[in-house]
>>> print(open('coords29.pdb').read())   # PDB, N, CA and C atoms, pLDDT in the B column
ATOM      1  N   MET A 499       0.833  -1.190   0.000  1.00 65.00           N
ATOM      2  CA  MET A 499       0.000   0.000   0.000  1.00 65.00           C
ATOM      3  C   MET A 499       0.873   1.249   0.000  1.00 65.00           C
ATOM      4  N   LYS A 500       0.408   2.240  -0.689  1.00 78.00           N
ATOM      5  CA  LYS A 500       1.120   3.507  -0.693  1.00 78.00           C
ATOM      6  C   LYS A 500       0.892   4.222   0.631  1.00 78.00           C
ATOM      7  N   SER A 501       1.908   4.879   1.103  1.00 79.00           N
ATOM      8  CA  SER A 501       1.771   5.602   2.370  1.00 79.00           C
ATOM      9  C   SER A 501       1.078   6.946   2.144  1.00 79.00           C
ATOM     10  N   ARG A 502       0.380   7.415   3.149  1.00 84.00           N
ATOM     11  CA  ARG A 502      -0.268   8.723   3.222  1.00 84.00           C
ATOM     12  C   ARG A 502      -1.454   8.907   2.268  1.00 84.00           C
ATOM     13  N   ILE A 503      -1.958   7.847   1.617  1.00 88.00           N
ATOM     14  CA  ILE A 503      -3.135   8.036   0.766  1.00 88.00           C
ATOM     15  C   ILE A 503      -4.375   7.360   1.355  1.00 88.00           C
ATOM     16  N   HIS A 504      -4.207   6.511   2.358  1.00 86.00           N
ATOM     17  CA  HIS A 504      -5.317   5.803   2.964  1.00 86.00           C
ATOM     18  C   HIS A 504      -5.704   6.468   4.284  1.00 86.00           C
ATOM     19  N   PRO A 505      -6.999   6.565   4.579  1.00 86.00           N
ATOM     20  CA  PRO A 505      -7.409   7.155   5.854  1.00 86.00           C
ATOM     21  C   PRO A 505      -6.986   6.256   7.018  1.00 86.00           C
ATOM     22  N   ALA A 506      -6.794   6.868   8.160  1.00 85.00           N
ATOM     23  CA  ALA A 506      -6.363   6.128   9.347  1.00 85.00           C
ATOM     24  C   ALA A 506      -7.509   5.280   9.886  1.00 85.00           C
ATOM     25  N   SER A 507      -7.208   4.030  10.194  1.00 91.00           N
ATOM     26  CA  SER A 507      -8.189   3.120  10.782  1.00 91.00           C
ATOM     27  C   SER A 507      -8.004   3.134  12.292  1.00 91.00           C
ATOM     28  N   ARG A 508      -9.131   3.173  13.011  1.00 93.00           N
ATOM     29  CA  ARG A 508      -9.066   3.235  14.467  1.00 93.00           C
ATOM     30  C   ARG A 508     -10.262   2.489  15.053  1.00 93.00           C
ATOM     31  N   PRO A 509     -10.223   2.147  16.343  1.00 95.00           N
ATOM     32  CA  PRO A 509     -11.374   1.482  16.955  1.00 95.00           C
ATOM     33  C   PRO A 509     -12.580   2.425  17.034  1.00 95.00           C
ATOM     34  N   VAL A 510     -13.754   1.922  16.642  1.00 94.00           N
ATOM     35  CA  VAL A 510     -14.995   2.691  16.659  1.00 94.00           C
ATOM     36  C   VAL A 510     -16.102   1.764  17.153  1.00 94.00           C
ATOM     37  N   VAL A 511     -17.041   2.312  17.931  1.00 94.00           N
ATOM     38  CA  VAL A 511     -18.193   1.534  18.399  1.00 94.00           C
ATOM     39  C   VAL A 511     -19.382   1.868  17.516  1.00 94.00           C
ATOM     40  N   PHE A 512     -20.014   0.829  16.949  1.00 92.00           N
ATOM     41  CA  PHE A 512     -21.244   0.971  16.189  1.00 92.00           C
ATOM     42  C   PHE A 512     -22.389   0.475  17.065  1.00 92.00           C
ATOM     43  N   ARG A 513     -23.464   1.265  17.149  1.00 90.00           N
ATOM     44  CA  ARG A 513     -24.632   0.877  17.942  1.00 90.00           C
ATOM     45  C   ARG A 513     -25.825   0.699  17.016  1.00 90.00           C
ATOM     46  N   ASP A 514     -26.393  -0.503  17.027  1.00 87.00           N
ATOM     47  CA  ASP A 514     -27.589  -0.816  16.252  1.00 87.00           C
ATOM     48  C   ASP A 514     -28.784  -0.389  17.091  1.00 87.00           C
ATOM     49  N   ARG A 515     -29.493   0.642  16.649  1.00 82.00           N
ATOM     50  CA  ARG A 515     -30.616   1.165  17.421  1.00 82.00           C
ATOM     51  C   ARG A 515     -31.807   0.232  17.413  1.00 82.00           C
ATOM     52  N   ALA A 516     -31.967  -0.586  16.379  1.00 76.00           N
ATOM     53  CA  ALA A 516     -33.106  -1.492  16.304  1.00 76.00           C
ATOM     54  C   ALA A 516     -32.966  -2.651  17.285  1.00 76.00           C
ATOM     55  N   ALA A 517     -31.753  -3.178  17.462  1.00 78.00           N
ATOM     56  CA  ALA A 517     -31.533  -4.338  18.324  1.00 78.00           C
ATOM     57  C   ALA A 517     -30.892  -3.959  19.651  1.00 78.00           C
ATOM     58  N   ASP A 518     -30.549  -2.696  19.820  1.00 81.00           N
ATOM     59  CA  ASP A 518     -29.847  -2.225  21.016  1.00 81.00           C
ATOM     60  C   ASP A 518     -28.582  -3.047  21.261  1.00 81.00           C
ATOM     61  N   ALA A 519     -27.804  -3.235  20.204  1.00 86.00           N
ATOM     62  CA  ALA A 519     -26.554  -3.980  20.275  1.00 86.00           C
ATOM     63  C   ALA A 519     -25.406  -3.049  19.913  1.00 86.00           C
ATOM     64  N   THR A 520     -24.238  -3.279  20.504  1.00 91.00           N
ATOM     65  CA  THR A 520     -23.062  -2.468  20.206  1.00 91.00           C
ATOM     66  C   THR A 520     -21.921  -3.368  19.761  1.00 91.00           C
ATOM     67  N   PHE A 521     -21.095  -2.845  18.847  1.00 91.00           N
ATOM     68  CA  PHE A 521     -19.971  -3.578  18.295  1.00 91.00           C
ATOM     69  C   PHE A 521     -18.751  -2.677  18.294  1.00 91.00           C
ATOM     70  N   LEU A 522     -17.647  -3.183  18.800  1.00 95.00           N
ATOM     71  CA  LEU A 522     -16.373  -2.472  18.725  1.00 95.00           C
ATOM     72  C   LEU A 522     -15.585  -3.082  17.585  1.00 95.00           C
ATOM     73  N   THR A 523     -15.211  -2.253  16.611  1.00 92.00           N
ATOM     74  CA  THR A 523     -14.486  -2.738  15.442  1.00 92.00           C
ATOM     75  C   THR A 523     -13.571  -1.639  14.917  1.00 92.00           C
ATOM     76  N   GLN A 524     -12.767  -1.965  13.949  1.00 95.00           N
ATOM     77  CA  GLN A 524     -11.894  -0.991  13.305  1.00 95.00           C
ATOM     78  C   GLN A 524     -12.648  -0.322  12.171  1.00 95.00           C
ATOM     79  N   SER A 525     -12.495   0.989  12.037  1.00 94.00           N
ATOM     80  CA  SER A 525     -13.160   1.723  10.970  1.00 94.00           C
ATOM     81  C   SER A 525     -12.428   3.023  10.701  1.00 94.00           C
ATOM     82  N   THR A 526     -12.662   3.567   9.515  1.00 93.00           N
ATOM     83  CA  THR A 526     -12.124   4.881   9.188  1.00 93.00           C
ATOM     84  C   THR A 526     -13.147   5.972   9.476  1.00 93.00           C
ATOM     85  N   ALA A 527     -14.390   5.568   9.828  1.00 90.00           N
ATOM     86  CA  ALA A 527     -15.444   6.536  10.132  1.00 90.00           C
ATOM     87  C   ALA A 527     -15.119   7.278  11.415  1.00 90.00           C
ATOM     88  N   ASP A 528     -15.600   8.519  11.507  1.00 88.00           N
ATOM     89  CA  ASP A 528     -15.345   9.334  12.681  1.00 88.00           C
ATOM     90  C   ASP A 528     -16.662   9.935  13.166  1.00 88.00           C
ATOM     91  N   SER A 529     -16.732  10.240  14.440  1.00 90.00           N
ATOM     92  CA  SER A 529     -17.932  10.813  15.024  1.00 90.00           C
ATOM     93  C   SER A 529     -17.540  11.727  16.172  1.00 90.00           C
ATOM     94  N   ALA A 530     -18.340  12.754  16.393  1.00 93.00           N
ATOM     95  CA  ALA A 530     -18.098  13.656  17.511  1.00 93.00           C
ATOM     96  C   ALA A 530     -18.613  13.055  18.816  1.00 93.00           C
ATOM     97  N   ARG A 531     -19.570  12.116  18.703  1.00 94.00           N
ATOM     98  CA  ARG A 531     -20.114  11.478  19.903  1.00 94.00           C
ATOM     99  C   ARG A 531     -19.201  10.338  20.334  1.00 94.00           C
ATOM    100  N   THR A 532     -19.126  10.100  21.637  1.00 94.00           N
ATOM    101  CA  THR A 532     -18.272   9.044  22.159  1.00 94.00           C
ATOM    102  C   THR A 532     -19.050   8.182  23.147  1.00 94.00           C
ATOM    103  N   ILE A 533     -18.486   7.016  23.444  1.00 94.00           N
ATOM    104  CA  ILE A 533     -19.071   6.101  24.416  1.00 94.00           C
ATOM    105  C   ILE A 533     -17.939   5.409  25.163  1.00 94.00           C
ATOM    106  N   GLU A 534     -18.164   5.146  26.459  1.00 94.00           N
ATOM    107  CA  GLU A 534     -17.176   4.405  27.229  1.00 94.00           C
ATOM    108  C   GLU A 534     -17.466   2.924  27.052  1.00 94.00           C
ATOM    109  N   TRP A 535     -16.454   2.179  26.604  1.00 93.00           N
ATOM    110  CA  TRP A 535     -16.616   0.766  26.313  1.00 93.00           C
ATOM    111  C   TRP A 535     -16.338  -0.060  27.562  1.00 93.00           C
ATOM    112  N   GLU A 536     -16.570  -1.361  27.490  1.00 93.00           N
ATOM    113  CA  GLU A 536     -16.397  -2.275  28.621  1.00 93.00           C
ATOM    114  C   GLU A 536     -14.976  -2.302  29.157  1.00 93.00           C
ATOM    115  N   ASP A 537     -14.001  -1.971  28.321  1.00 94.00           N
ATOM    116  CA  ASP A 537     -12.607  -1.991  28.754  1.00 94.00           C
ATOM    117  C   ASP A 537     -12.188  -0.698  29.449  1.00 94.00           C
ATOM    118  N   GLY A 538     -13.122   0.249  29.595  1.00 94.00           N
ATOM    119  CA  GLY A 538     -12.839   1.507  30.271  1.00 94.00           C
ATOM    120  C   GLY A 538     -12.356   2.610  29.352  1.00 94.00           C
ATOM    121  N   ASN A 539     -12.095   2.313  28.087  1.00 94.00           N
ATOM    122  CA  ASN A 539     -11.639   3.314  27.129  1.00 94.00           C
ATOM    123  C   ASN A 539     -12.835   3.995  26.467  1.00 94.00           C
ATOM    124  N   THR A 540     -12.617   5.201  25.972  1.00 95.00           N
ATOM    125  CA  THR A 540     -13.649   5.958  25.274  1.00 95.00           C
ATOM    126  C   THR A 540     -13.380   5.892  23.780  1.00 95.00           C
ATOM    127  N   TYR A 541     -14.439   5.560  23.010  1.00 95.00           N
ATOM    128  CA  TYR A 541     -14.324   5.410  21.561  1.00 95.00           C
ATOM    129  C   TYR A 541     -15.393   6.252  20.870  1.00 95.00           C
ATOM    130  N   PRO A 542     -15.170   6.627  19.607  1.00 94.00           N
ATOM    131  CA  PRO A 542     -16.218   7.308  18.840  1.00 94.00           C
ATOM    132  C   PRO A 542     -17.429   6.381  18.688  1.00 94.00           C
ATOM    133  N   LEU A 543     -18.637   6.959  18.710  1.00 93.00           N
ATOM    134  CA  LEU A 543     -19.875   6.194  18.617  1.00 93.00           C
ATOM    135  C   LEU A 543     -20.616   6.565  17.346  1.00 93.00           C
ATOM    136  N   ILE A 544     -21.012   5.551  16.573  1.00 89.00           N
ATOM    137  CA  ILE A 544     -21.786   5.762  15.352  1.00 89.00           C
ATOM    138  C   ILE A 544     -23.050   4.912  15.450  1.00 89.00           C
ATOM    139  N   ASP A 545     -24.229   5.568  15.368  1.00 88.00           N
ATOM    140  CA  ASP A 545     -25.503   4.864  15.386  1.00 88.00           C
ATOM    141  C   ASP A 545     -25.852   4.407  13.983  1.00 88.00           C
ATOM    142  N   VAL A 546     -26.310   3.161  13.875  1.00 83.00           N
ATOM    143  CA  VAL A 546     -26.756   2.617  12.597  1.00 83.00           C
ATOM    144  C   VAL A 546     -28.184   2.109  12.744  1.00 83.00           C
ATOM    145  N   GLU A 547     -28.915   2.094  11.643  1.00 77.00           N
ATOM    146  CA  GLU A 547     -30.304   1.653  11.662  1.00 77.00           C
ATOM    147  C   GLU A 547     -30.423   0.138  11.706  1.00 77.00           C
ATOM    148  N   ILE A 548     -29.494  -0.556  11.074  1.00 72.00           N
ATOM    149  CA  ILE A 548     -29.595  -2.008  10.984  1.00 72.00           C
ATOM    150  C   ILE A 548     -28.194  -2.599  10.913  1.00 72.00           C
ATOM    151  N   SER A 549     -28.027  -3.753  11.530  1.00 73.00           N
ATOM    152  CA  SER A 549     -26.752  -4.469  11.494  1.00 73.00           C
ATOM    153  C   SER A 549     -27.055  -5.961  11.486  1.00 73.00           C
ATOM    154  N   SER A 550     -26.038  -6.776  11.642  1.00 64.00           N
ATOM    155  CA  SER A 550     -26.263  -8.219  11.666  1.00 64.00           C
ATOM    156  C   SER A 550     -27.095  -8.634  12.878  1.00 64.00           C
ATOM    157  N   ALA A 551     -27.156  -7.800  13.914  1.00 68.00           N
ATOM    158  CA  ALA A 551     -27.949  -8.122  15.102  1.00 68.00           C
ATOM    159  C   ALA A 551     -29.443  -7.942  14.868  1.00 68.00           C
ATOM    160  N   SER A 552     -29.831  -7.149  13.860  1.00 66.00           N
ATOM    161  CA  SER A 552     -31.256  -6.914  13.628  1.00 66.00           C
ATOM    162  C   SER A 552     -31.714  -7.211  12.207  1.00 66.00           C
ATOM    163  N   HIS A 553     -30.797  -7.524  11.300  1.00 59.00           N
ATOM    164  CA  HIS A 553     -31.182  -7.776   9.908  1.00 59.00           C
ATOM    165  C   HIS A 553     -31.879  -9.126   9.794  1.00 59.00           C
ATOM    166  N   PRO A 554     -33.025  -9.182   9.103  1.00 57.00           N
ATOM    167  CA  PRO A 554     -33.784 -10.437   8.990  1.00 57.00           C
ATOM    168  C   PRO A 554     -32.980 -11.599   8.402  1.00 57.00           C
ATOM    169  N   PHE A 555     -32.049 -11.331   7.524  1.00 55.00           N
ATOM    170  CA  PHE A 555     -31.250 -12.404   6.939  1.00 55.00           C
ATOM    171  C   PHE A 555     -30.411 -13.102   8.007  1.00 55.00           C
ATOM    172  N   HIS A 556     -29.853 -12.333   8.928  1.00 52.00           N
ATOM    173  CA  HIS A 556     -28.980 -12.894   9.959  1.00 52.00           C
ATOM    174  C   HIS A 556     -29.760 -13.432  11.154  1.00 52.00           C
ATOM    175  N   THR A 557     -30.911 -12.843  11.456  1.00 56.00           N
ATOM    176  CA  THR A 557     -31.662 -13.254  12.644  1.00 56.00           C
ATOM    177  C   THR A 557     -32.707 -14.320  12.349  1.00 56.00           C
ATOM    178  N   GLY A 558     -33.126 -14.454  11.090  1.00 60.00           N
ATOM    179  CA  GLY A 558     -34.141 -15.429  10.739  1.00 60.00           C
ATOM    180  C   GLY A 558     -35.550 -14.984  11.069  1.00 60.00           C
ATOM    181  N   THR A 559     -35.721 -13.736  11.455  1.00 63.00           N
ATOM    182  CA  THR A 559     -37.045 -13.204  11.758  1.00 63.00           C
ATOM    183  C   THR A 559     -37.402 -12.144  10.735  1.00 63.00           C
ATOM    184  N   SER A 560     -38.682 -11.848  10.636  1.00 59.00           N
ATOM    185  CA  SER A 560     -39.108 -10.810   9.703  1.00 59.00           C
ATOM    186  C   SER A 560     -39.559  -9.593  10.482  1.00 59.00           C
ATOM    187  N   ARG A 561     -39.452  -8.440   9.854  1.00 55.00           N
ATOM    188  CA  ARG A 561     -39.882  -7.189  10.466  1.00 55.00           C
ATOM    189  C   ARG A 561     -41.121  -6.699   9.748  1.00 55.00           C
ATOM    190  N   VAL A 562     -42.014  -6.106  10.511  1.00 56.00           N
ATOM    191  CA  VAL A 562     -43.232  -5.557   9.936  1.00 56.00           C
ATOM    192  C   VAL A 562     -42.935  -4.143   9.452  1.00 56.00           C
ATOM    193  N   LEU A 563     -43.201  -3.895   8.180  1.00 57.00           N
ATOM    194  CA  LEU A 563     -42.988  -2.571   7.617  1.00 57.00           C
ATOM    195  C   LEU A 563     -44.310  -1.841   7.533  1.00 57.00           C
ATOM    196  N   ASP A 564     -44.271  -0.556   7.724  1.00 60.00           N
ATOM    197  CA  ASP A 564     -45.467   0.274   7.666  1.00 60.00           C
ATOM    198  C   ASP A 564     -45.740   0.636   6.210  1.00 60.00           C
ATOM    199  N   THR A 565     -46.239  -0.322   5.438  1.00 60.00           N
ATOM    200  CA  THR A 565     -46.453  -0.063   4.021  1.00 60.00           C
ATOM    201  C   THR A 565     -47.628   0.868   3.787  1.00 60.00           C
ATOM    202  N   ALA A 566     -48.656   0.786   4.617  1.00 65.00           N
ATOM    203  CA  ALA A 566     -49.812   1.675   4.436  1.00 65.00           C
ATOM    204  C   ALA A 566     -49.393   3.124   4.636  1.00 65.00           C
ATOM    205  N   GLY A 567     -48.605   3.390   5.643  1.00 70.00           N
ATOM    206  CA  GLY A 567     -48.128   4.751   5.885  1.00 70.00           C
ATOM    207  C   GLY A 567     -47.261   5.258   4.749  1.00 70.00           C
ATOM    208  N   ARG A 568     -46.464   4.390   4.174  1.00 72.00           N
ATOM    209  CA  ARG A 568     -45.606   4.780   3.058  1.00 72.00           C
ATOM    210  C   ARG A 568     -46.430   5.133   1.832  1.00 72.00           C
ATOM    211  N   VAL A 569     -47.472   4.350   1.571  1.00 73.00           N
ATOM    212  CA  VAL A 569     -48.321   4.616   0.412  1.00 73.00           C
ATOM    213  C   VAL A 569     -49.042   5.948   0.591  1.00 73.00           C
ATOM    214  N   GLU A 570     -49.589   6.185   1.775  1.00 78.00           N
ATOM    215  CA  GLU A 570     -50.291   7.445   2.028  1.00 78.00           C
ATOM    216  C   GLU A 570     -49.346   8.635   1.905  1.00 78.00           C
ATOM    217  N   ARG A 571     -48.141   8.495   2.390  1.00 77.00           N
ATOM    218  CA  ARG A 571     -47.147   9.567   2.283  1.00 77.00           C
ATOM    219  C   ARG A 571     -46.804   9.829   0.820  1.00 77.00           C
ATOM    220  N   PHE A 572     -46.670   8.766   0.036  1.00 77.00           N
ATOM    221  CA  PHE A 572     -46.390   8.905  -1.386  1.00 77.00           C
ATOM    222  C   PHE A 572     -47.529   9.637  -2.085  1.00 77.00           C
ATOM    223  N   GLU A 573     -48.774   9.257  -1.775  1.00 79.00           N
ATOM    224  CA  GLU A 573     -49.929   9.886  -2.405  1.00 79.00           C
ATOM    225  C   GLU A 573     -50.062  11.349  -2.010  1.00 79.00           C
ATOM    226  N   ARG A 574     -49.770  11.684  -0.771  1.00 80.00           N
ATOM    227  CA  ARG A 574     -49.810  13.093  -0.342  1.00 80.00           C
ATOM    228  C   ARG A 574     -48.723  13.894  -1.038  1.00 80.00           C
ATOM    229  N   ARG A 575     -47.559  13.315  -1.154  1.00 80.00           N
ATOM    230  CA  ARG A 575     -46.425  14.021  -1.742  1.00 80.00           C
ATOM    231  C   ARG A 575     -46.668  14.352  -3.202  1.00 80.00           C
ATOM    232  N   TYR A 576     -47.257  13.432  -3.939  1.00 83.00           N
ATOM    233  CA  TYR A 576     -47.433  13.633  -5.361  1.00 83.00           C
ATOM    234  C   TYR A 576     -48.847  14.049  -5.746  1.00 83.00           C
ATOM    235  N   GLY A 577     -49.660  14.428  -4.763  1.00 75.00           N
ATOM    236  CA  GLY A 577     -50.937  15.062  -5.031  1.00 75.00           C
ATOM    237  C   GLY A 577     -52.064  14.139  -5.454  1.00 75.00           C
ATOM    238  N   ARG A 578     -51.871  12.861  -5.333  1.00 64.00           N
ATOM    239  CA  ARG A 578     -52.915  11.918  -5.693  1.00 64.00           C
ATOM    240  C   ARG A 578     -53.772  11.638  -4.471  1.00 64.00           C
ATOM    241  N   ALA A 579     -55.085  11.662  -4.632  1.00 57.00           N
ATOM    242  CA  ALA A 579     -55.985  11.388  -3.516  1.00 57.00           C
ATOM    243  C   ALA A 579     -55.935   9.912  -3.177  1.00 57.00           C
ATOM    244  N   ALA A 580     -56.049   9.602  -1.912  1.00 52.00           N
ATOM    245  CA  ALA A 580     -56.040   8.204  -1.473  1.00 52.00           C
ATOM    246  C   ALA A 580     -57.269   7.501  -2.018  1.00 52.00           C
ATOM    247  N   THR A 581     -57.079   6.340  -2.559  1.00 55.00           N
ATOM    248  CA  THR A 581     -58.194   5.591  -3.123  1.00 55.00           C
ATOM    249  C   THR A 581     -58.781   4.672  -2.063  1.00 55.00           C
ATOM    250  N   ALA A 582     -60.061   4.355  -2.224  1.00 54.00           N
ATOM    251  CA  ALA A 582     -60.720   3.458  -1.279  1.00 54.00           C
ATOM    252  C   ALA A 582     -60.177   2.065  -1.467  1.00 54.00           C
ATOM    253  N   ARG A 583     -59.873   1.420  -0.374  1.00 55.00           N
ATOM    254  CA  ARG A 583     -59.314   0.067  -0.424  1.00 55.00           C
ATOM    255  C   ARG A 583     -60.425  -0.918  -0.105  1.00 55.00           C
ATOM    256  N   HIS A 584     -60.373  -2.080  -0.746  1.00 53.00           N
ATOM    257  CA  HIS A 584     -61.414  -3.102  -0.548  1.00 53.00           C
ATOM    258  C   HIS A 584     -61.097  -3.940   0.640  1.00 53.00           C
TER
END
>>> encode(input="coords29.pdb", output="structure tokens")
Amino acid sequence: MKSRIHPASRPVVFRDRAADATFLTQSTADSARTIEWEDGNTYPLIDVEISSASHPFHTGTSRVLDTAGRVERFERRYGRAATARH
């Protein structure tokens, strides 16, 4: 690898908000927020929406999506009146 062209990798904590799980790993990502880890050290904290702790492929469970709310939001956004559903 060429020197001085790659970003520095450092320990970072990722927190999955859906599963309330935390992971300490190496990353080039940076954050102003920090968290004290189990080893007593403070690391940058990055919140993520989904990880292997909450993804249906890894957990074998399915998540309920609010499809009705999404459709209504789409119809409001683009000016189409909501149609009667059977």
>>> resolve_selection(input="coords29.pdb", expression="the PyMOL selection byres ((chain A and resi 505-512) around 5)", output="ChimeraX atom specification")
/A:503-504,513-514,520-526,542-544
>>> resolve_selection(input="coords29.pdb", expression="the PyMOL selection byres ((chain A and resi 516) around 6)", output="PyMOL selection string")
chain A and resi 514-515+517-519+546-548+552
>>> atom_distance(input="coords29.pdb", atom1="atom N of Asp528 in chain A", atom2="atom N of Asp545 in chain A")
9.9 Å
>>> resolve_selection(input="coords29.pdb", expression="the PyMOL selection byres ((chain A and resi 532) around 6)", output="PyMOL selection string")
chain A and resi 529-531+533-534+541-543
